[in-house]
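Q: Input: one structure, supplied below.
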Amino acid sequence: MKILVVDDEAPARQRLCRLLAELDDCHVCGEAANGREALMQYDSKAPDTVLMDIRMPEMDGLEAARHFANLEQPPAVIFTTAYGDHALEAFEAHAVDYLLKPIRKERLADALGSARRLTGAQVSALAGRGNDAQRTHICAQIRGDLQLIPVTEIRCFRAGDKYVAVQFGDGEILIEEPLKSLEEEFGERFIRIHRNALVALPYLEKIEKDEDGKSYVRLQGV
């Protein structure tokens, strides 16, 4: 089993790696200091399981778990945390197990056993569990590679026939998420200007009309 260890504290990562070295059929394929780093390592490391802290800077473990769950072949996620007040959120974020620090080797072995027994389809099915937390990034797979777009850089979402185009500072990506769910999640930052478009309020400059009376929205940097 290939395992990615994610924690913003190096001593915590080192302790987990030592415990894993004592267990059979466990190979640490990489380490990351936050959720964003973990996602960016997914393609190169291809972990079967992610051992991940919850409270981390830049992107916490709960959001990273939601992004992992939406991948075609998601890894099993086991949370490792010093706080017991995130258990419900953890399982809503598709976690296989929830371990409280300091982690005992026997408890870790049990959690990894549960992760090993899950099939890829079962891990994917966990994505059906709800979570109302707002993401800080939009995640998409581009030609097999993961790309993370900060929500603060997104100018607009535009719905097409099968996909939603996400326009941001450096380009555009396509995602398979309904515009309605994006509006519900990011409604404080985006406003619907058309049945197929949400625009970011911070980038909204003005609304103009052409000679035919049609309205157009002007966005900064577009």
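In the structure tokens, each chain is lettered A, B, ... as it comes, each chain's residues begin at 1, and ligands are numbered from 1 in order of appearance.
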Determine, counting only C-alpha atoms, which protein, DNA and RNA residues have an atom within 10 Å of an atom of stretch 177-190 of chain A; residues of the same chain fewer than 2 positions away are not included. Present the result as number ranges by chain.
A: A: 132-136, 151-152, 154-160, 162-165, 174-175, 192-193, 195-204
Q: Given the selection you just returned, output its residues as a file containing N, CA, C and O atoms, formatted as a compact mmCIF listing (two decimals), in the first residue's frame.
A:
# COMPACT_ATOMS: atom_id res chain seq x y z
N ASP A 132 -21.14 21.04 3.42
CA ASP A 132 -21.53 22.40 3.08
C ASP A 132 -20.38 23.38 3.12
O ASP A 132 -20.57 24.57 2.86
N ALA A 133 -19.18 22.92 3.49
CA ALA A 133 -18.05 23.84 3.60
C ALA A 133 -17.69 24.39 2.22
O ALA A 133 -17.67 23.66 1.22
N GLN A 134 -17.37 25.66 2.16
CA GLN A 134 -17.03 26.30 0.90
C GLN A 134 -15.56 26.06 0.57
O GLN A 134 -14.69 26.24 1.41
N ARG A 135 -15.30 25.65 -0.67
CA ARG A 135 -13.93 25.39 -1.10
C ARG A 135 -13.16 26.69 -1.33
O ARG A 135 -13.74 27.72 -1.63
N THR A 136 -11.86 26.60 -1.21
CA THR A 136 -10.99 27.73 -1.53
C THR A 136 -10.41 27.60 -2.93
O THR A 136 -9.89 28.56 -3.48
N VAL A 151 -10.24 30.15 -5.86
CA VAL A 151 -11.53 30.77 -6.16
C VAL A 151 -11.38 32.28 -6.29
O VAL A 151 -12.09 32.92 -7.08
N THR A 152 -10.45 32.87 -5.55
CA THR A 152 -10.25 34.33 -5.61
C THR A 152 -9.74 34.80 -6.96
O THR A 152 -9.80 35.99 -7.26
N ILE A 154 -10.86 33.42 -9.90
CA ILE A 154 -11.85 33.08 -10.93
C ILE A 154 -12.70 34.30 -11.27
O ILE A 154 -13.24 34.95 -10.39
N ARG A 155 -12.79 34.61 -12.58
CA ARG A 155 -13.61 35.73 -13.05
C ARG A 155 -15.05 35.32 -13.25
O ARG A 155 -15.96 36.06 -12.92
N CYS A 156 -15.26 34.13 -13.83
CA CYS A 156 -16.65 33.71 -14.09
C CYS A 156 -16.73 32.22 -14.33
O CYS A 156 -15.73 31.56 -14.64
N PHE A 157 -17.94 31.69 -14.16
CA PHE A 157 -18.31 30.33 -14.53
C PHE A 157 -19.32 30.45 -15.67
O PHE A 157 -20.30 31.18 -15.56
N ARG A 158 -19.09 29.71 -16.77
CA ARG A 158 -20.02 29.75 -17.90
C ARG A 158 -20.43 28.33 -18.26
O ARG A 158 -19.58 27.49 -18.54
N ALA A 159 -21.73 28.06 -18.25
CA ALA A 159 -22.22 26.72 -18.53
C ALA A 159 -22.34 26.49 -20.03
O ALA A 159 -22.84 27.35 -20.77
N GLY A 160 -21.90 25.32 -20.47
CA GLY A 160 -22.05 24.91 -21.86
C GLY A 160 -22.97 23.71 -21.94
O GLY A 160 -23.79 23.47 -21.07
N LYS A 162 -22.18 20.36 -21.89
CA LYS A 162 -21.86 19.29 -20.96
C LYS A 162 -20.97 19.75 -19.80
O LYS A 162 -20.88 19.06 -18.80
N TYR A 163 -20.29 20.87 -19.98
CA TYR A 163 -19.31 21.30 -19.00
C TYR A 163 -19.58 22.74 -18.57
O TYR A 163 -20.34 23.47 -19.19
N VAL A 164 -18.89 23.14 -17.50
CA VAL A 164 -18.86 24.53 -17.07
C VAL A 164 -17.43 25.04 -17.26
O VAL A 164 -16.48 24.41 -16.78
N ALA A 165 -17.30 26.14 -17.98
CA ALA A 165 -15.99 26.75 -18.19
C ALA A 165 -15.67 27.66 -17.02
O ALA A 165 -16.49 28.47 -16.61
N LEU A 174 -12.26 23.36 -17.92
CA LEU A 174 -13.61 22.83 -17.95
C LEU A 174 -13.81 21.88 -16.78
O LEU A 174 -12.93 21.06 -16.48
N ILE A 175 -14.96 22.00 -16.12
CA ILE A 175 -15.28 21.11 -15.01
C ILE A 175 -16.67 20.52 -15.22
O ILE A 175 -17.48 21.07 -15.95
N ARG A 192 -25.36 35.69 -10.52
CA ARG A 192 -25.84 35.16 -11.80
C ARG A 192 -26.32 36.31 -12.65
O ARG A 192 -27.22 37.06 -12.27
N ILE A 193 -25.74 36.45 -13.84
CA ILE A 193 -26.14 37.52 -14.76
C ILE A 193 -26.92 36.97 -15.95
O ILE A 193 -27.46 37.73 -16.75
N ARG A 195 -28.76 32.83 -17.41
CA ARG A 195 -29.02 31.46 -17.00
C ARG A 195 -27.79 30.57 -17.12
O ARG A 195 -27.71 29.52 -16.48
N ASN A 196 -26.79 31.01 -17.94
CA ASN A 196 -25.61 30.17 -18.11
C ASN A 196 -24.33 30.82 -17.58
O ASN A 196 -23.23 30.38 -17.92
N ALA A 197 -24.44 31.86 -16.74
CA ALA A 197 -23.21 32.54 -16.33
C ALA A 197 -23.29 33.10 -14.91
O ALA A 197 -24.27 33.71 -14.52
N LEU A 198 -22.20 32.86 -14.17
CA LEU A 198 -21.98 33.49 -12.86
C LEU A 198 -20.71 34.32 -12.98
O LEU A 198 -19.70 33.85 -13.52
N VAL A 199 -20.73 35.54 -12.50
CA VAL A 199 -19.53 36.38 -12.56
C VAL A 199 -19.12 36.77 -11.13
O VAL A 199 -19.96 36.91 -10.24
N ALA A 200 -17.82 36.96 -10.95
CA ALA A 200 -17.27 37.30 -9.63
C ALA A 200 -17.46 38.78 -9.35
O ALA A 200 -17.01 39.64 -10.13
N LEU A 201 -18.10 39.08 -8.25
CA LEU A 201 -18.37 40.48 -7.89
C LEU A 201 -17.09 41.31 -7.76
O LEU A 201 -17.07 42.47 -8.17
N PRO A 202 -15.99 40.78 -7.18
CA PRO A 202 -14.78 41.61 -7.07
C PRO A 202 -14.20 42.04 -8.41
O PRO A 202 -13.45 43.01 -8.48
N TYR A 203 -14.52 41.28 -9.51
CA TYR A 203 -13.98 41.61 -10.83
C TYR A 203 -14.99 42.35 -11.70
O TYR A 203 -14.70 42.68 -12.85
N LEU A 204 -16.18 42.61 -11.18
CA LEU A 204 -17.22 43.27 -11.97
C LEU A 204 -16.97 44.77 -12.04
O LEU A 204 -16.94 45.46 -11.03
Q: For A:Ser44, list every protein, DNA or RNA residue within 10 Å, evaluated using only C-alpha atoms, and leave out those in the same chain fewer than 5 positions away; present the list as a PyMOL selection string.
A: chain A and resi 29-30+145
Q: Put those residues in a file: N, CA and C atoms, as a short mmCIF file (atom, residue, chain, number, x, y, z; two decimals), in the first residue's frame.
A:
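Contents of selection15.cif, freshly written:
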data_model
loop_
_atom_site.label_atom_id
_atom_site.label_comp_id
_atom_site.auth_asym_id
_atom_site.auth_seq_id
_atom_site.Cartn_x
_atom_site.Cartn_y
_atom_site.Cartn_z
N CYS A 29 5.05 6.90 0.11
CA CYS A 29 5.44 7.33 -1.23
C CYS A 29 5.70 8.83 -1.30
N GLY A 30 5.34 9.58 -0.24
CA GLY A 30 5.58 11.03 -0.25
C GLY A 30 5.07 11.69 1.02
N ASP A 145 -3.30 15.55 -15.53
CA ASP A 145 -2.66 16.29 -14.45
C ASP A 145 -3.69 17.09 -13.67
#
Q: When you count only C-alpha atoms, which of these residues is closest to A:Leu219: A:Pro57, A:Gly84, A:Gly113, A:Gly169?
A: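 Ranked by minimum distance to A:Leu219, first place goes to A:Gly169.
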Q: Under the rule that only C-alpha atoms are counted, which of A:Val166, A:Leu51, A:Val28, A:Met56 is the nearest residue to A:Ala76?
A: A:Leu51
Q: To one decimal in Å, tell me the separation between atom CA of A:Gly61 and atom CA of A:Glu106.
A: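 Calculated distance between atom CA of A:Gly61 and atom CA of A:Glu106 is 23.0 Å.
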Q: DSSP on the backbone: what in stretch 5-198 of chain A comes out alpha helix (DSSP H), as a PyMOL selection string?
A: chain A and resi 10-21+35-45+61-69+87-92+105-117+120-125+179-186
